[in-house]
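Accompanying notes for the structure given below.
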Amino acid sequence: MATKTSGVSPDKRRKYDEAFKAEALRLASESRSTQATARQLGISPKLLYRWQQAQVVAEVGSVEVAR
């Protein structure tokens, strides 16, 4: 049985630089849909949500206050 591969081995994660993350967060903040922004950028919506949460924590300074 053949399996489809995406060209990236499962043990290798894609790395995103800070400039890409900043642009993704900017686009998501301007968009009504984080999921649509993630699709447009070719990344997982969950990843973009994690970056957004990390941004809030960095701005507020506490995970407890950010929730």
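Chains: A, B, ... in order of the structure tokens. Residues: from 1 per chain. Ligands: from 1, in order shown.
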
Polymer residues at most 8 Å from range 10-27 of chain A, only C-alpha atoms, same-chain spacing of 4 or more positions, as an NGL selection string | :A and (31 or 37-38 or 41 or 48 or 51-52)

Requested write-out: C-alpha atoms of the selected residues, as a CSV table (one decimal), in the first residue's frame:
```
chain,number,residue,atom,x,y,z
A,31,SER,CA,-8.4,39.6,9.2
A,37,THR,CA,-5.1,33.7,7.4
A,38,ALA,CA,-3.5,30.4,8.3
A,41,LEU,CA,0.0,31.4,4.6
A,48,LEU,CA,-1.1,30.6,14.4
A,51,TRP,CA,1.7,32.4,18.1
A,52,GLN,CA,-1.2,34.7,19.0
```

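Across the structure, CA of Ala28 in chain A and CA of Ala54 in chain A are spaced 13.9 Å apart.
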